[in-house]
Amino acid sequence: MTKTIFITGGAGFIGSHLSEMYVNQGYNVICIDNLVSGNLENLAQIRDHARFTFIEADIRDHKTMLALFQKYRPNIINHHAAQKSVADSVENPSYDLDVNLVGLMSILDCIKAYPIENFIYVSSGGALSKKIEGSEKSKETDTPQLISPYALTKFTGEKYVEMYAAQYGYQYTVVRYANIYGPRQVPDGECGVIPIFLNNILADKPSILMTYPDMPNGCTRDYVYVGDVVRINQLATESPTNTVINVGTGEEVAILDIYKEILTVFEKDVAIFIEAPRAGDVKRSVLDATRASELLNWKSNVSLHEGLLELKNHLTITK
Ligand SMILES: NC(=O)c1ccc[n+]([C@@H]2O[C@H](COP(=O)([O-])OP(=O)(O)OC[C@H]3O[C@@H](n4cnc5c(N)ncnc54)[C@H](O)[C@@H]3O)[C@@H](O)[C@H]2O)c1
């Protein structure tokens, strides 16, 4: 029997790539998005597919969510809708709390009446990183720093998903993403540094590196190409792990080095200036993805250089 999947935030950067994958894998795909940062153009390739339905709705609207559960009876939920910016969560913690936790509860509550088989919850390996020292990498078992409202809501969300799994009998996987990049990412949010730099570089405008005085090359991050993220979602859909899984490359890259790599790949030469850091930013982040390899046989396949080349090819084709 064809399984039905709800993908929340399915019109966004990552969600739209997942919506495409699910349609191509033969699922009935119900994409739920309020388009606050998503875009219907992201769904152009599947919009008219017989197994794809787009619903413009806010996940916090519990009445509507309940009606959608009643109508479509999903087998699987893949929850990508979120307030995704660390900086915005510091500015407006109530909105972050509302979307990331009230929104999650609005969905989880539906499961009581309409049981599901599998829940995929997206969290943030970067924001939940502990303070790493030397050559350490963040592990799923570490105690997170929790220095932003976003980190708090994502971490609490993980716990709700786990607790409800025990109470209501579904399987689940929490995917803790590093910093994801690729086609359709827009320059905003927690990890939009690649599209922000790229937009500036292509317009020959200088960029700003926001960093701490003891991190002259910028904070460090772990960058994963969106194609690798699609693959781990497919694996977690087919084989739920009932645990938290880091989705990272294990490569720690300073943000200034990202900038230089973009200049190289796009064959440009544009200046960058240094300013003070943003509140809530962790200094260093790199994820140990051993668990993903052991449980799902997943490893990132695309290097930063290859991913930036893919992005360049995509921009050339869509220009
Ligand atoms: N991009 C990254 O590097 C990264 C890293 C870690 C975690 N994440 C998580 O991945 C998920 C997707 O992020 P993205 O980068 O694709 O961002 P995105 O903004 O492109 O996608 C989020 C989607 O959710 C939708 N949305 C937001 N609030 C909603 C609401 N109340 N009701 C319905 N839809 C709503 C938006 O319209 C958008 O389409 C988020 O949960 C984010 O926290 C992303």
# chains A, B, ... in the order shown; residues from 1 in each chain; ligands from 1

$ closest_atom_pairs --of "chain A" --to "ligand 1" --cutoff "6 Å" --atoms "only C-alpha atoms and all ligand atoms" --output "Markdown table"
| residue | atom | partner | partner_atom_place_in_ligand_line | distance |
| --- | --- | --- | --- | --- |
| A:Gly9 | CA | ligand 1 | 24 (O) | 3.4 |
| A:Gly10 | CA | ligand 1 | 39 (O) | 5.8 |
| A:Ala11 | CA | ligand 1 | 39 (O) | 4.3 |
| A:Gly12 | CA | ligand 1 | 39 (O) | 3.2 |
| A:Phe13 | CA | ligand 1 | 20 (O) | 3.7 |
| A:Ile14 | CA | ligand 1 | 16 (O) | 3.8 |
| A:Gly15 | CA | ligand 1 | 16 (O) | 5.5 |
| A:Asp33 | CA | ligand 1 | 34 (N) | 3.6 |
| A:Asn34 | CA | ligand 1 | 33 (C) | 4.1 |
| A:Leu35 | CA | ligand 1 | 37 (O) | 3.5 |
| A:Val36 | CA | ligand 1 | 37 (O) | 3.9 |
| A:Ser37 | CA | ligand 1 | 37 (O) | 3.9 |
| A:Gly38 | CA | ligand 1 | 39 (O) | 3.0 |
| A:Ala57 | CA | ligand 1 | 33 (C) | 5.7 |
| A:Asp58 | CA | ligand 1 | 32 (N) | 3.4 |
| A:Ile59 | CA | ligand 1 | 32 (N) | 4.1 |
| A:Arg60 | CA | ligand 1 | 31 (N) | 5.7 |
| A:His80 | CA | ligand 1 | 41 (O) | 4.3 |
| A:Ala81 | CA | ligand 1 | 24 (O) | 3.4 |
| A:Ala82 | CA | ligand 1 | 41 (O) | 4.4 |
| A:Gln83 | CA | ligand 1 | 27 (C) | 5.7 |
| A:Lys84 | CA | ligand 1 | 43 (O) | 3.9 |
| A:Val99 | CA | ligand 1 | 31 (N) | 5.1 |
| A:Val122 | CA | ligand 1 | 41 (O) | 5.4 |
| A:Ser123 | CA | ligand 1 | 7 (C) | 5.3 |
| A:Ser124 | CA | ligand 1 | 6 (C) | 4.2 |
| A:Tyr177 | CA | ligand 1 | 6 (C) | 4.5 |
| A:Ala178 | CA | ligand 1 | 5 (C) | 5.5 |
| A:Asn179 | CA | ligand 1 | 3 (O) | 3.7 |
| A:Ile180 | CA | ligand 1 | 3 (O) | 3.6 |
| A:Cys191 | CA | ligand 1 | 3 (O) | 4.8 |

$ select_by_dssp --residues "region 120-234 of chain A" --states "strand (DSSP E)" --output "list in words"
Ile120, Tyr121, Val122, Ser123, Ser124, Gln171, Tyr172, Thr173, Val174, Val175, Arg176, Tyr177, Asn179, Ile180, Tyr181, Ser207, Ile208, Leu209, Met210, Thr220, Arg221, Tyr223, Val224 and Tyr225 of chain A

$ write_last_selection --atoms "N, CA and C atoms" --output "mmCIF file, in the first residue's frame"
data_model
loop_
_atom_site.group_PDB
_atom_site.id
_atom_site.type_symbol
_atom_site.label_atom_id
_atom_site.label_comp_id
_atom_site.auth_asym_id
_atom_site.auth_seq_id
_atom_site.Cartn_x
_atom_site.Cartn_y
_atom_site.Cartn_z
ATOM 1 N N ILE A 120 10.041 11.895 11.838
ATOM 2 C CA ILE A 120 11.405 12.412 11.671
ATOM 3 C C ILE A 120 11.405 13.860 12.142
ATOM 4 N N TYR A 121 12.264 14.144 13.090
ATOM 5 C CA TYR A 121 12.321 15.483 13.685
ATOM 6 C C TYR A 121 13.692 16.087 13.400
ATOM 7 N N VAL A 122 13.670 17.329 12.948
ATOM 8 C CA VAL A 122 14.927 17.989 12.603
ATOM 9 C C VAL A 122 15.403 18.873 13.730
ATOM 10 N N SER A 123 16.619 18.615 14.160
ATOM 11 C CA SER A 123 17.214 19.432 15.203
ATOM 12 C C SER A 123 18.520 20.016 14.664
ATOM 13 N N SER A 124 19.262 20.655 15.527
ATOM 14 C CA SER A 124 20.464 21.346 15.061
ATOM 15 C C SER A 124 21.703 20.894 15.820
ATOM 16 N N GLN A 171 7.755 4.956 15.815
ATOM 17 C CA GLN A 171 9.214 4.978 15.757
ATOM 18 C C GLN A 171 9.647 6.390 15.353
ATOM 19 N N TYR A 172 10.904 6.717 15.604
ATOM 20 C CA TYR A 172 11.329 8.074 15.284
ATOM 21 C C TYR A 172 12.829 8.137 15.014
ATOM 22 N N THR A 173 13.222 9.217 14.384
ATOM 23 C CA THR A 173 14.642 9.572 14.294
ATOM 24 C C THR A 173 14.746 11.084 14.445
ATOM 25 N N VAL A 174 15.645 11.522 15.314
ATOM 26 C CA VAL A 174 15.982 12.950 15.395
ATOM 27 C C VAL A 174 17.238 13.143 14.546
ATOM 28 N N VAL A 175 17.139 13.976 13.515
ATOM 29 C CA VAL A 175 18.332 14.257 12.707
ATOM 30 C C VAL A 175 18.872 15.625 13.118
ATOM 31 N N ARG A 176 20.055 15.609 13.688
ATOM 32 C CA ARG A 176 20.693 16.870 14.117
ATOM 33 C C ARG A 176 21.619 17.342 13.011
ATOM 34 N N TYR A 177 21.137 18.325 12.270
ATOM 35 C CA TYR A 177 21.921 18.796 11.127
ATOM 36 C C TYR A 177 23.075 19.691 11.562
ATOM 37 N N ASN A 179 25.567 22.479 9.317
ATOM 38 C CA ASN A 179 25.121 23.600 8.462
ATOM 39 C C ASN A 179 24.917 23.077 7.044
ATOM 40 N N ILE A 180 23.698 23.236 6.569
ATOM 41 C CA ILE A 180 23.349 22.662 5.275
ATOM 42 C C ILE A 180 23.403 23.756 4.208
ATOM 43 N N TYR A 181 23.848 23.410 3.013
ATOM 44 C CA TYR A 181 23.872 24.385 1.912
ATOM 45 C C TYR A 181 23.527 23.679 0.614
ATOM 46 N N SER A 207 31.836 41.520 2.018
ATOM 47 C CA SER A 207 31.031 40.851 3.057
ATOM 48 C C SER A 207 31.590 41.188 4.430
ATOM 49 N N ILE A 208 30.811 40.845 5.453
ATOM 50 C CA ILE A 208 31.224 41.064 6.844
ATOM 51 C C ILE A 208 31.380 39.693 7.503
ATOM 52 N N LEU A 209 32.507 39.515 8.189
ATOM 53 C CA LEU A 209 32.727 38.296 8.975
ATOM 54 C C LEU A 209 32.493 38.657 10.435
ATOM 55 N N MET A 210 31.416 38.085 11.029
ATOM 56 C CA MET A 210 31.119 38.406 12.430
ATOM 57 C C MET A 210 31.765 37.345 13.309
ATOM 58 N N THR A 220 33.863 28.343 13.597
ATOM 59 C CA THR A 220 33.996 27.193 12.695
ATOM 60 C C THR A 220 32.677 26.449 12.624
ATOM 61 N N ARG A 221 32.442 25.832 11.476
ATOM 62 C CA ARG A 221 31.216 25.090 11.243
ATOM 63 C C ARG A 221 31.520 23.850 10.407
ATOM 64 N N TYR A 223 29.949 21.835 7.185
ATOM 65 C CA TYR A 223 29.019 22.119 6.072
ATOM 66 C C TYR A 223 28.651 20.862 5.304
ATOM 67 N N VAL A 224 27.340 20.597 5.223
ATOM 68 C CA VAL A 224 26.846 19.387 4.553
ATOM 69 C C VAL A 224 26.011 19.792 3.336
ATOM 70 N N TYR A 225 26.295 19.153 2.223
ATOM 71 C CA TYR A 225 25.529 19.448 0.995
ATOM 72 C C TYR A 225 24.126 18.841 1.110
#

$ atom_distance --atom1 "CA of Ile317 (chain A)" --atom2 "CA of Leu18 (chain A)"
20.8 Å

$ residues_around --residues "region 249-253 of chain A" --least-positions-apart "6" --cutoff "6 Å" --atoms "only C-alpha atoms" --output "PyMOL selection string"
chain A and resi 220-222+286-288+300
